[in-house]
Amino acid sequence: MTTTALAITERRPGLLGWLSDQFWRHPGMFVLLLLTPPLLWLGIVYIGSLLALLFQSFFAIDEFSGIVDYSTLTLKSYAELLRPANLDIIVRTVVMSALVTLASAVIAFPIAYMAARYVRGKWKALFYLGIMLPLWSSYLVKIYAWKLILAKEGILTWVFESLHIGFVLDGILAIPVIGGNSLSVSYIGTFLVFVYVWMPFMILPIQASLERVPVNLIDASSDLGATPQQTFRKVIFPLALPGIIAGSIFTFSLTLGDYIIPQIIGSSRLFIGQAVYAQQGTAGNIPLAAAFTVVPIVIMGLYLWMAKRQGAFDAL
Amino acid sequence: MRSDGPKASLGLKISAAAGLIFMIAPLLLIFVYAFTTEEKSYQWPPPGLTLKWFEVTLNRPDVWQALTLSLQVAAISTAIALVLGTLCAAAVSQSDFFGRETISLLVILPIALPGIITGIALRSAFSIAEIPFSFWTIVLGHATFCVVVVYNNAVARFRRTSKSLIEASMDLGADGFQTFRYVILPNIGTALLAGGMLAFALSFDEVIVTTFTAGQQQTLPLWMLEELIRPRQRPVTNVVAMIVVLVTTIPILAAFYLTRDGDQIAGSGK
Amino acid sequence: MTAAVSLQGVSRHFGIIKAMDEVNLEIASGEFFAMLGPSGSGKTTCLRVIAGFEQPTHGHIEIFGENATGVPPYRRNVNTVFQDYALFPHLNVLDNVAYSLMLKKAPRAERHKAAEAALDMVKLAGYGTRRPSELSGGQRQRVALARALVNRPKVLLLDEPLGALDLKLRESMQEELKSLQKALGITFIFVTHDQGEALSMADRVAVFSGGRVMQVGTPEEIYSKPNSRFVADFVGSSNILNPDQVSTLTGERRWGSLRSEAVRLAPEAGSALAGTVTTKNYLGATTRLGIDIGGGSIHALVPSGQELPDIGARTGVAFERSALHLMETEQ
């Protein structure tokens, strides 16, 4: 064993030794130094960009020259949002987001419930990968897969024909508004793809909240004479609700801002994302595009505020 | 689906199984279409199977260019996200400073807001600052939303690494840098690796923000988007789609194996 | 002779909370020193200030006469055994113990030899290749001890060293720590909330409360001559007499303390203090009686076997005048 005579040893020579001593003496400075790069990046580049965008919504485009007039602040772009055509877009998007969220919850719940309560060991890992792989696999490939499925000559039509129930499909397509020439150009198609792409985001939060429900709570409920339906309605569902709300934050927000899915699968009627894209791109109306982006921000703000009051953030 | 505890009811089993099939089957379909002989439509069942399109795809310079660009962007964005995310996680977990909630929110925001908002905000900022589109504008966008994945993984691990480990190391004579090298890094290494893998997968696949931050250059997802809107050679798209599925699967499986003992589950915060 | 550790007017404030307030302490070289107090009393903060994990808001620290104010922990030749042991989970036992030698760039063979010797010292020879997670709590603590001692520090700090161990292990570990300290001649400073542990192990004890040092002294002094009501109360088994009661006995208006085992039962007539028996606990060799004397109760430890009054009966209380200790402070 080595013996050291000194109670206090010398600093390690060089810059690192000096820096290390300084960091120890000034821990606040050290934390600040750690935070500087990410804060510069996220706080200045990202938040700066967001604020700049928001700022632009308070200008308006000159209707004759088509050039943005940066000399006067105005709410004209917001007024334009209220025009029937634009209001239509907003309502359509919000309704679609709500429906997608609802459907996602219905499909996700049994998977999450099974994963949380019944599968164990090796099955649990498999279940988990079965959820994670679709969640993480390529967004565009998922859309592409559905383009293949929904195409007129695709697998879905084939399935219906093989079962000799092609008329059912034709009947569905004949429904006004939600039907269309083929599934890939109908609202039904858009809806299906939205659900497919965003539903996996619903599973993990629900599973997390269900895993926190003590098993004996469910046993207690059935001990007290509740039927499985009653146990579900009165015990399991209320306890899983924060998870459902947390998951719905994803499905709702992601549907609200998506512009690629309705562009590839769906009718020609626009969603908010497409309107933003069109306004900033071909129309060159940045202020209106900016005003449009404020809509999902406000809706999500309200949504998050309500979710927070329901305690959904603990399930995230 | 075997269970040790209570038995699941048949209805639950069926609906869970149906849900999983709904999630997985469309992806498997991609693998079949990569071998189809049909060129002009999405005909099912495929009239025949062939390997020809793999060869054709391999000889397409535009596919190779897009793939190379995507890999480069993903690699550099991941590197930046690793640095920024780890710094943020370290700062947040090392001390109880005022405003740490705000920092967490700030990190999560780029992924919580719809991608189109991030995209258009960056684009308008580039135009205000008169920054021309380039490789680096794409990286800037990607790194911004990749930070959160690294951050989530690192924060969870930092939380598990007790503060007294760091103190013990310093007590035994290691200065800050030695402690980082000999104690902190070995303890958070796998979490960072997992976070990096997921960040890579996220960047490799991203399209919504990229449409706004890329100029003339095409990443692989942009190439695919172009093919989806204006199909040129469908069989090539089929093959590329399959390759993309495979490329993103590898880092996800790796991240899963790196974090499966304990921790929160990697990737749940996509 | 220079003190091993000297704190001069050291305070540590966290915002408005004064975790340490004007603490002065001199700990002699080679001493086995205990810092005793309830949780939140500042004893752990004091230990952390000596180790260098906390920096004093005011005041001055010296270690063996050398200024340690503003010196980071890694430059102090002071090592710590942590309450949660803080073994590195990614290293095996041998590498944990050899960690500080690795930092000093000692050759591999040499540091492994030293680590083996340290493990041998704590009776864990042959455990070097295990992972910390494969050890029991007691074994982990021995590894932490070996790791902290392998470098022969000038001062060893122990944070609640026996807190997590079960009773039997705790007793044997007390013995071991004492003999280890004797053999090595290193100054040991340990933090505990258990007065029995502090009194039985330490050469000297500092009692902490509210961030201040209430009293420093040998276990004997702390036990029989507490200087304040707090110390008398916390160290326990002393009766506290209020100034009124003390003045009827001595004429002095001071707070007094009286050890329970010095209290005898006497006939009520002729006793200065008398009261009603309220509790009676049989403890084996002794029985503990609670006697309500009006304005407070007195406990008496009476050897078992003698005849005892029933609960509710009246009895007188007697003791030697020298057993009554008058306290200096008002608290």
# chains A, B, ... in the order shown; residues from 1 in each chain; ligands from 1
call {"tool": "closest_atom_pairs", "arguments": {"of": "chain C", "to": "chain A", "cutoff": "10 Å", "atoms": "only C-alpha atoms", "output": "tab-separated table"}}
result
residue	atom	partner	partner_atom	distance
C:Ala4	CA	A:Ala7	CA	9.1
C:Gly52	CA	A:Trp24	CA	9.5
C:Phe53	CA	A:Trp24	CA	8.9
C:Glu54	CA	A:Trp24	CA	9.6
C:Gln55	CA	A:Arg25	CA	7.8
C:Glu62	CA	A:Ala7	CA	9.4
C:Ile63	CA	A:Ala7	CA	6.3
C:Phe64	CA	A:Ala7	CA	6.3
C:Gly65	CA	A:Ala7	CA	8.6
C:Glu66	CA	A:Ile8	CA	6.9
C:Asn67	CA	A:Ile8	CA	8.0
C:Ala68	CA	A:Ile8	CA	7.1
C:Gly70	CA	A:Arg25	CA	6.6
C:Val71	CA	A:Asp21	CA	7.6
C:Pro72	CA	A:Trp24	CA	6.4
C:Pro73	CA	A:Trp24	CA	8.9
C:Tyr74	CA	A:Thr9	CA	8.4
C:Arg75	CA	A:Thr9	CA	5.0
C:Arg76	CA	A:Ile8	CA	4.7
C:Asn77	CA	A:Ala7	CA	4.8
C:Val78	CA	A:Ala7	CA	7.4
C:Leu101	CA	A:Thr2	CA	8.8
C:Ala106	CA	A:Thr2	CA	9.7
C:Glu110	CA	A:Met1	CA	8.8
C:Arg111	CA	A:Met1	CA	8.3
C:Lys113	CA	A:Met1	CA	8.4
C:Ala114	CA	A:Met1	CA	5.2
C:Ala115	CA	A:Met1	CA	8.3
C:Ala117	CA	A:Met1	CA	8.0
C:Ala118	CA	A:Met1	CA	8.3
C:Leu149	CA	A:Met1	CA	9.5
C:Val150	CA	A:Met1	CA	6.5
C:Asn151	CA	A:Thr2	CA	6.1
C:Arg152	CA	A:Thr3	CA	6.0
C:Pro153	CA	A:Thr4	CA	7.5
C:Lys154	CA	A:Ala7	CA	6.2
C:Val155	CA	A:Ala7	CA	8.5
call {"tool": "select_by_dssp", "arguments": {"residues": "region 4-66 of chain A", "states": "helix (DSSP H, G or I)", "output": "VMD selection string"}}
result
chain A and resid 15 to 25 27 to 56
call {"tool": "write_last_selection", "arguments": {"atoms": "C-alpha atoms", "output": "short mmCIF file (atom, residue, chain, number, x, y, z; two decimals), in the first residue's frame"}}
result
data_model
loop_
_atom_site.label_atom_id
_atom_site.label_comp_id
_atom_site.auth_asym_id
_atom_site.auth_seq_id
_atom_site.Cartn_x
_atom_site.Cartn_y
_atom_site.Cartn_z
CA LEU A 15 -5.64 23.00 -18.36
CA LEU A 16 -7.94 20.09 -17.48
CA GLY A 17 -6.82 20.09 -13.87
CA TRP A 18 -7.39 23.82 -13.61
CA LEU A 19 -10.80 23.61 -15.30
CA SER A 20 -11.87 20.76 -13.08
CA ASP A 21 -11.06 22.78 -9.95
CA GLN A 22 -12.93 25.78 -11.31
CA PHE A 23 -16.01 23.69 -12.11
CA TRP A 24 -16.02 22.31 -8.60
CA ARG A 25 -15.74 25.76 -7.06
CA PRO A 27 -21.11 24.45 -9.76
CA GLY A 28 -23.66 26.97 -11.03
CA MET A 29 -21.24 28.12 -13.70
CA PHE A 30 -20.64 24.50 -14.64
CA VAL A 31 -24.35 23.78 -15.14
CA LEU A 32 -24.64 26.96 -17.17
CA LEU A 33 -21.72 25.88 -19.31
CA LEU A 34 -23.36 22.47 -19.87
CA LEU A 35 -26.57 24.15 -20.88
CA THR A 36 -25.09 26.76 -23.15
CA PRO A 37 -24.77 24.67 -26.34
CA PRO A 38 -28.24 23.08 -26.16
CA LEU A 39 -29.81 26.38 -25.12
CA LEU A 40 -28.12 28.22 -27.96
CA TRP A 41 -29.36 25.61 -30.38
CA LEU A 42 -32.90 25.02 -29.14
CA GLY A 43 -33.57 28.33 -27.47
CA ILE A 44 -32.20 30.61 -30.11
CA VAL A 45 -32.33 28.69 -33.39
CA TYR A 46 -35.54 26.79 -32.77
CA ILE A 47 -37.61 29.05 -30.55
CA GLY A 48 -36.31 32.01 -32.54
CA SER A 49 -37.62 30.45 -35.73
CA LEU A 50 -40.99 29.73 -34.13
CA LEU A 51 -41.33 33.29 -32.89
CA ALA A 52 -40.28 34.67 -36.27
CA LEU A 53 -43.00 32.55 -37.86
CA LEU A 54 -45.57 33.71 -35.36
CA PHE A 55 -44.52 37.29 -35.96
CA GLN A 56 -45.08 36.93 -39.69
#
call {"tool": "residues_around", "arguments": {"residues": "region 138-140 of chain C", "least_positions_apart": "6", "cutoff": "9 Å", "atoms": "only C-alpha atoms", "output": "JSON, numbers by chain"}}
result
{"C": [85, 87, 93, 124, 132, 164, 165, 166, 169, 170, 173]}
call {"tool": "write_last_selection", "arguments": {"atoms": "N, CA, C and O atoms", "output": "compact mmCIF listing (two decimals), in the first residue's frame"}}
result
# COMPACT_ATOMS: atom_id res chain seq x y z
N TYR C 85 -22.89 2.89 0.07
CA TYR C 85 -21.64 2.26 -0.33
C TYR C 85 -21.08 2.80 -1.65
O TYR C 85 -19.89 2.84 -1.83
N LEU C 87 -20.59 1.67 -4.60
CA LEU C 87 -19.63 0.87 -5.36
C LEU C 87 -19.93 1.04 -6.85
O LEU C 87 -21.09 1.15 -7.24
N VAL C 93 -15.08 -6.20 -7.90
CA VAL C 93 -14.68 -5.78 -6.57
C VAL C 93 -13.21 -5.32 -6.55
O VAL C 93 -12.88 -4.26 -6.00
N LEU C 124 -12.24 -10.15 3.05
CA LEU C 124 -12.93 -10.50 1.81
C LEU C 124 -11.94 -11.01 0.78
O LEU C 124 -12.16 -10.84 -0.42
N PRO C 132 -20.20 -6.07 -7.65
CA PRO C 132 -20.84 -5.56 -6.43
C PRO C 132 -22.27 -6.08 -6.26
O PRO C 132 -22.72 -6.34 -5.15
N ALA C 164 -27.48 0.42 7.59
CA ALA C 164 -28.25 -0.50 6.75
C ALA C 164 -28.08 -1.96 7.16
O ALA C 164 -28.63 -2.84 6.53
N LEU C 165 -27.29 -2.20 8.22
CA LEU C 165 -27.01 -3.59 8.58
C LEU C 165 -27.96 -4.07 9.67
O LEU C 165 -28.47 -3.28 10.45
N ASP C 166 -28.16 -5.39 9.72
CA ASP C 166 -29.02 -5.89 10.78
C ASP C 166 -28.25 -5.94 12.11
O ASP C 166 -27.03 -5.82 12.15
N LEU C 169 -25.02 -8.13 12.72
CA LEU C 169 -23.92 -7.70 11.88
C LEU C 169 -23.36 -6.38 12.39
O LEU C 169 -22.16 -6.13 12.38
N ARG C 170 -24.30 -5.52 12.86
CA ARG C 170 -23.90 -4.20 13.32
C ARG C 170 -22.94 -4.32 14.51
O ARG C 170 -21.93 -3.64 14.57
N MET C 173 -19.55 -5.55 13.40
CA MET C 173 -18.89 -4.53 12.60
C MET C 173 -18.35 -3.41 13.49
O MET C 173 -17.29 -2.86 13.20
call {"tool": "interface_residues", "arguments": {"of": "chain A", "to": "chain B", "cutoff": "7 Å", "atoms": "only C-alpha atoms", "output": "number ranges by chain"}}
result
A: 20, 31, 34-35, 37-38, 42, 49-50, 52-53, 107, 110-111, 114, 118-120, 123, 130, 133-134, 137-142, 145-146, 148, 151, 153-155, 158, 196, 204, 253-254, 257, 264, 273, 293
call {"tool": "write_last_selection", "arguments": {"atoms": "C-alpha atoms", "output": "PDB file, in the first residue's frame"}}
result
ATOM      1  CA  SER A  20     -11.873  20.757 -13.082  1.00  0.00           C
ATOM      2  CA  VAL A  31     -24.345  23.778 -15.142  1.00  0.00           C
ATOM      3  CA  LEU A  34     -23.355  22.469 -19.872  1.00  0.00           C
ATOM      4  CA  LEU A  35     -26.575  24.150 -20.876  1.00  0.00           C
ATOM      5  CA  PRO A  37     -24.769  24.673 -26.340  1.00  0.00           C
ATOM      6  CA  PRO A  38     -28.245  23.076 -26.161  1.00  0.00           C
ATOM      7  CA  LEU A  42     -32.896  25.022 -29.141  1.00  0.00           C
ATOM      8  CA  SER A  49     -37.621  30.450 -35.731  1.00  0.00           C
ATOM      9  CA  LEU A  50     -40.993  29.726 -34.134  1.00  0.00           C
ATOM     10  CA  ALA A  52     -40.282  34.669 -36.266  1.00  0.00           C
ATOM     11  CA  LEU A  53     -42.997  32.548 -37.860  1.00  0.00           C
ATOM     12  CA  ILE A 107     -57.784  -0.561 -31.439  1.00  0.00           C
ATOM     13  CA  PRO A 110     -56.913  -4.446 -26.184  1.00  0.00           C
ATOM     14  CA  ILE A 111     -53.287  -4.639 -27.308  1.00  0.00           C
ATOM     15  CA  MET A 114     -53.033  -7.730 -23.118  1.00  0.00           C
ATOM     16  CA  TYR A 118     -51.420 -11.089 -19.457  1.00  0.00           C
ATOM     17  CA  VAL A 119     -48.229 -11.614 -21.438  1.00  0.00           C
ATOM     18  CA  ARG A 120     -45.054 -12.441 -19.536  1.00  0.00           C
ATOM     19  CA  TRP A 123     -43.943 -13.270 -25.011  1.00  0.00           C
ATOM     20  CA  GLY A 130     -44.449  -6.198 -32.319  1.00  0.00           C
ATOM     21  CA  LEU A 133     -41.223  -2.129 -34.983  1.00  0.00           C
ATOM     22  CA  PRO A 134     -44.343  -0.695 -36.636  1.00  0.00           C
ATOM     23  CA  SER A 137     -40.594   1.870 -39.116  1.00  0.00           C
ATOM     24  CA  SER A 138     -40.547   4.349 -41.917  1.00  0.00           C
ATOM     25  CA  TYR A 139     -43.465   6.733 -42.116  1.00  0.00           C
ATOM     26  CA  LEU A 140     -43.379   6.850 -45.911  1.00  0.00           C
ATOM     27  CA  VAL A 141     -43.075   3.108 -46.268  1.00  0.00           C
ATOM     28  CA  LYS A 142     -46.173   2.718 -44.121  1.00  0.00           C
ATOM     29  CA  ALA A 145     -47.864  -0.042 -48.038  1.00  0.00           C
ATOM     30  CA  TRP A 146     -51.388   1.332 -47.789  1.00  0.00           C
ATOM     31  CA  LEU A 148     -50.591  -0.848 -52.361  1.00  0.00           C
ATOM     32  CA  ALA A 151     -55.270   0.576 -54.864  1.00  0.00           C
ATOM     33  CA  GLU A 153     -56.182  -3.436 -58.340  1.00  0.00           C
ATOM     34  CA  GLY A 154     -54.738  -4.013 -54.850  1.00  0.00           C
ATOM     35  CA  ILE A 155     -55.125  -6.663 -52.189  1.00  0.00           C
ATOM     36  CA  TRP A 158     -58.953  -8.842 -54.358  1.00  0.00           C
ATOM     37  CA  TYR A 196     -52.543   2.937 -39.136  1.00  0.00           C
ATOM     38  CA  LEU A 204     -47.417   2.529 -24.906  1.00  0.00           C
ATOM     39  CA  SER A 253     -51.366  16.420 -32.710  1.00  0.00           C
ATOM     40  CA  LEU A 254     -49.781  14.261 -35.373  1.00  0.00           C
ATOM     41  CA  GLY A 257     -50.265  18.696 -38.617  1.00  0.00           C
ATOM     42  CA  ILE A 264     -51.075  10.804 -51.203  1.00  0.00           C
ATOM     43  CA  GLY A 273     -51.107  20.850 -43.158  1.00  0.00           C
ATOM     44  CA  THR A 293     -49.929  27.099 -38.156  1.00  0.00           C
TER      45      THR A 293
END
call {"tool": "interface_residues", "arguments": {"of": "chain B", "to": "chain C", "cutoff": "12 Å", "atoms": "only C-alpha atoms", "output": "JSON, numbers by chain"}}
result
{"B": [96, 160, 161, 162, 163, 164, 165, 166, 167, 168, 169, 170, 171, 172, 173, 174, 175, 176, 177, 178, 179, 181, 182, 183, 184, 185, 186, 187, 188, 189, 190]}
call {"tool": "write_last_selection", "arguments": {"atoms": "N, CA, C and O atoms", "output": "compact mmCIF listing (two decimals), in the first residue's frame"}}
result
# COMPACT_ATOMS: atom_id res chain seq x y z
N ASP B 96 -30.58 20.91 -9.07
CA ASP B 96 -31.97 21.34 -9.02
C ASP B 96 -32.05 22.82 -9.31
O ASP B 96 -32.42 23.60 -8.48
N ARG B 160 -30.89 6.83 -12.74
CA ARG B 160 -30.57 5.57 -12.08
C ARG B 160 -29.16 5.56 -11.51
O ARG B 160 -28.85 4.81 -10.60
N THR B 161 -28.25 6.36 -12.13
CA THR B 161 -26.88 6.41 -11.66
C THR B 161 -26.84 7.32 -10.44
O THR B 161 -27.07 8.50 -10.55
N SER B 162 -26.59 6.73 -9.28
CA SER B 162 -26.74 7.53 -8.07
C SER B 162 -25.65 8.58 -8.01
O SER B 162 -24.54 8.41 -8.49
N LYS B 163 -26.03 9.71 -7.41
CA LYS B 163 -25.13 10.85 -7.35
C LYS B 163 -23.90 10.49 -6.53
O LYS B 163 -22.82 11.03 -6.74
N SER B 164 -24.06 9.56 -5.59
CA SER B 164 -22.91 9.24 -4.74
C SER B 164 -21.83 8.50 -5.52
O SER B 164 -20.68 8.49 -5.09
N LEU B 165 -22.16 7.91 -6.68
CA LEU B 165 -21.10 7.28 -7.49
C LEU B 165 -20.12 8.34 -7.96
O LEU B 165 -18.90 8.13 -7.96
N ILE B 166 -20.65 9.47 -8.38
CA ILE B 166 -19.80 10.55 -8.85
C ILE B 166 -18.98 11.10 -7.69
O ILE B 166 -17.78 11.34 -7.81
N GLU B 167 -19.64 11.24 -6.54
CA GLU B 167 -18.92 11.73 -5.37
C GLU B 167 -17.85 10.73 -4.95
O GLU B 167 -16.74 11.13 -4.58
N ALA B 168 -18.18 9.44 -5.01
CA ALA B 168 -17.20 8.43 -4.62
C ALA B 168 -15.97 8.52 -5.51
O ALA B 168 -14.84 8.44 -5.04
N SER B 169 -16.19 8.71 -6.80
CA SER B 169 -15.06 8.80 -7.72
C SER B 169 -14.19 10.01 -7.39
O SER B 169 -12.96 9.91 -7.34
N MET B 170 -14.83 11.15 -7.14
CA MET B 170 -14.05 12.35 -6.82
C MET B 170 -13.35 12.19 -5.48
O MET B 170 -12.22 12.65 -5.30
N ASP B 171 -14.03 11.50 -4.57
CA ASP B 171 -13.46 11.27 -3.25
C ASP B 171 -12.17 10.45 -3.36
O ASP B 171 -11.24 10.63 -2.61
N LEU B 172 -12.16 9.54 -4.34
CA LEU B 172 -11.02 8.64 -4.48
C LEU B 172 -9.93 9.25 -5.35
O LEU B 172 -8.97 8.57 -5.71
N GLY B 173 -10.09 10.51 -5.73
CA GLY B 173 -8.99 11.19 -6.39
C GLY B 173 -9.17 11.49 -7.87
O GLY B 173 -8.23 11.91 -8.52
N ALA B 174 -10.38 11.25 -8.40
CA ALA B 174 -10.59 11.53 -9.82
C ALA B 174 -11.16 12.93 -9.98
O ALA B 174 -12.15 13.26 -9.33
N ASP B 175 -10.56 13.74 -10.83
CA ASP B 175 -11.15 15.06 -11.04
C ASP B 175 -12.34 14.92 -11.99
O ASP B 175 -12.70 13.81 -12.40
N GLY B 176 -12.97 16.04 -12.32
CA GLY B 176 -14.19 16.00 -13.10
C GLY B 176 -14.06 15.22 -14.39
O GLY B 176 -14.92 14.40 -14.73
N PHE B 177 -12.97 15.43 -15.10
CA PHE B 177 -12.82 14.78 -16.41
C PHE B 177 -12.56 13.29 -16.26
O PHE B 177 -13.08 12.47 -17.01
N GLN B 178 -11.74 12.95 -15.24
CA GLN B 178 -11.48 11.51 -15.00
C GLN B 178 -12.77 10.82 -14.57
O GLN B 178 -13.03 9.69 -14.99
N THR B 179 -13.56 11.50 -13.74
CA THR B 179 -14.83 10.91 -13.30
C THR B 179 -15.73 10.67 -14.49
O THR B 179 -16.38 9.63 -14.60
N ARG B 181 -14.80 10.10 -17.55
CA ARG B 181 -14.27 9.01 -18.36
C ARG B 181 -14.43 7.65 -17.69
O ARG B 181 -14.80 6.67 -18.33
N TYR B 182 -14.13 7.59 -16.39
CA TYR B 182 -14.06 6.27 -15.74
C TYR B 182 -15.37 5.84 -15.08
O TYR B 182 -15.57 4.67 -14.82
N VAL B 183 -16.25 6.79 -14.76
CA VAL B 183 -17.48 6.39 -14.06
C VAL B 183 -18.74 6.76 -14.85
O VAL B 183 -19.58 5.90 -15.10
N ILE B 184 -18.85 8.02 -15.26
CA ILE B 184 -20.10 8.43 -15.90
C ILE B 184 -20.28 7.74 -17.25
O ILE B 184 -21.31 7.12 -17.51
N LEU B 185 -19.27 7.82 -18.08
CA LEU B 185 -19.40 7.26 -19.42
C LEU B 185 -19.70 5.76 -19.41
O LEU B 185 -20.62 5.32 -20.10
N PRO B 186 -18.95 4.95 -18.62
CA PRO B 186 -19.30 3.52 -18.61
C PRO B 186 -20.72 3.25 -18.14
O PRO B 186 -21.35 2.28 -18.56
N ASN B 187 -21.24 4.14 -17.27
CA ASN B 187 -22.58 3.89 -16.74
C ASN B 187 -23.70 4.36 -17.65
O ASN B 187 -24.80 3.82 -17.62
N ILE B 188 -23.46 5.42 -18.43
CA ILE B 188 -24.53 5.88 -19.32
C ILE B 188 -24.29 5.45 -20.76
O ILE B 188 -25.11 5.73 -21.63
N GLY B 189 -23.17 4.76 -20.99
CA GLY B 189 -22.78 4.41 -22.37
C GLY B 189 -23.87 3.72 -23.17
O GLY B 189 -24.22 4.16 -24.27
N THR B 190 -24.46 2.65 -22.59
CA THR B 190 -25.44 1.90 -23.38
C THR B 190 -26.68 2.74 -23.64
O THR B 190 -27.29 2.65 -24.71
call {"tool": "residues_around", "arguments": {"residues": "Gln263 (chain A)", "least_positions_apart": "3", "cutoff": "10 Å", "atoms": "only C-alpha atoms", "output": "ChimeraX atom specification"}}
result
/A:185,190,258-260,266-271,273-274 /B:228-229
call {"tool": "write_last_selection", "arguments": {"atoms": "N, CA, C and O atoms", "output": "mmCIF file, in the first residue's frame"}}
result
data_model
loop_
_atom_site.group_PDB
_atom_site.id
_atom_site.type_symbol
_atom_site.label_atom_id
_atom_site.label_comp_id
_atom_site.auth_asym_id
_atom_site.auth_seq_id
_atom_site.Cartn_x
_atom_site.Cartn_y
_atom_site.Cartn_z
ATOM 1 N N VAL A 185 -58.659 7.184 -52.955
ATOM 2 C CA VAL A 185 -58.952 8.601 -53.153
ATOM 3 C C VAL A 185 -60.186 9.017 -52.328
ATOM 4 O O VAL A 185 -60.848 9.982 -52.659
ATOM 5 N N THR A 190 -58.057 7.912 -46.361
ATOM 6 C CA THR A 190 -57.249 8.826 -45.556
ATOM 7 C C THR A 190 -57.336 8.439 -44.083
ATOM 8 O O THR A 190 -56.324 8.343 -43.385
ATOM 9 N N ASP A 258 -50.371 16.768 -40.093
ATOM 10 C CA ASP A 258 -49.881 15.975 -41.219
ATOM 11 C C ASP A 258 -50.347 16.550 -42.551
ATOM 12 O O ASP A 258 -51.488 16.957 -42.685
ATOM 13 N N TYR A 259 -49.457 16.620 -43.535
ATOM 14 C CA TYR A 259 -49.898 17.062 -44.851
ATOM 15 C C TYR A 259 -49.548 16.068 -45.935
ATOM 16 O O TYR A 259 -49.944 16.215 -47.090
ATOM 17 N N ILE A 260 -48.801 15.034 -45.563
ATOM 18 C CA ILE A 260 -48.360 14.083 -46.590
ATOM 19 C C ILE A 260 -49.402 12.994 -46.814
ATOM 20 O O ILE A 260 -49.720 12.657 -47.965
ATOM 21 N N GLY A 266 -56.237 10.111 -50.597
ATOM 22 C CA GLY A 266 -57.390 10.920 -50.223
ATOM 23 C C GLY A 266 -57.928 11.720 -51.396
ATOM 24 O O GLY A 266 -57.394 11.675 -52.503
ATOM 25 N N SER A 267 -58.984 12.456 -51.072
ATOM 26 C CA SER A 267 -59.605 13.277 -52.101
ATOM 27 C C SER A 267 -58.793 14.570 -52.230
ATOM 28 O O SER A 267 -57.782 14.746 -51.580
ATOM 29 N N SER A 268 -59.282 15.459 -53.071
ATOM 30 C CA SER A 268 -58.517 16.681 -53.298
ATOM 31 C C SER A 268 -58.821 17.741 -52.255
ATOM 32 O O SER A 268 -58.252 18.818 -52.291
ATOM 33 N N ARG A 269 -59.734 17.440 -51.329
ATOM 34 C CA ARG A 269 -60.054 18.444 -50.313
ATOM 35 C C ARG A 269 -58.930 18.557 -49.281
ATOM 36 O O ARG A 269 -58.402 17.545 -48.810
ATOM 37 N N LEU A 270 -58.604 19.808 -48.913
ATOM 38 C CA LEU A 270 -57.378 20.056 -48.152
ATOM 39 C C LEU A 270 -57.533 19.853 -46.643
ATOM 40 O O LEU A 270 -58.615 19.989 -46.092
ATOM 41 N N PHE A 271 -56.411 19.567 -46.008
ATOM 42 C CA PHE A 271 -56.299 19.578 -44.561
ATOM 43 C C PHE A 271 -55.372 20.732 -44.155
ATOM 44 O O PHE A 271 -54.683 21.298 -45.013
ATOM 45 N N GLY A 273 -52.504 20.988 -42.746
ATOM 46 C CA GLY A 273 -51.107 20.850 -43.158
ATOM 47 C C GLY A 273 -50.914 21.174 -44.628
ATOM 48 O O GLY A 273 -49.976 21.875 -45.018
ATOM 49 N N GLN A 274 -51.832 20.667 -45.450
ATOM 50 C CA GLN A 274 -51.723 20.934 -46.884
ATOM 51 C C GLN A 274 -51.919 22.416 -47.177
ATOM 52 O O GLN A 274 -51.269 22.985 -48.052
ATOM 53 N N LEU B 228 -43.952 8.558 -54.649
ATOM 54 C CA LEU B 228 -45.330 8.313 -54.226
ATOM 55 C C LEU B 228 -46.274 9.266 -54.953
ATOM 56 O O LEU B 228 -47.399 8.903 -55.297
ATOM 57 N N ILE B 229 -45.809 10.517 -55.127
ATOM 58 C CA ILE B 229 -46.677 11.500 -55.771
ATOM 59 C C ILE B 229 -46.657 11.331 -57.289
ATOM 60 O O ILE B 229 -47.689 11.353 -57.935
#
call {"tool": "residues_around", "arguments": {"residues": "Lys280 (chain C)", "least_positions_apart": "2", "cutoff": "7 Å", "atoms": "only C-alpha atoms", "output": "list in words"}}
result
Tyr282, Thr287, Arg288, Leu289 and Gly290 of chain C
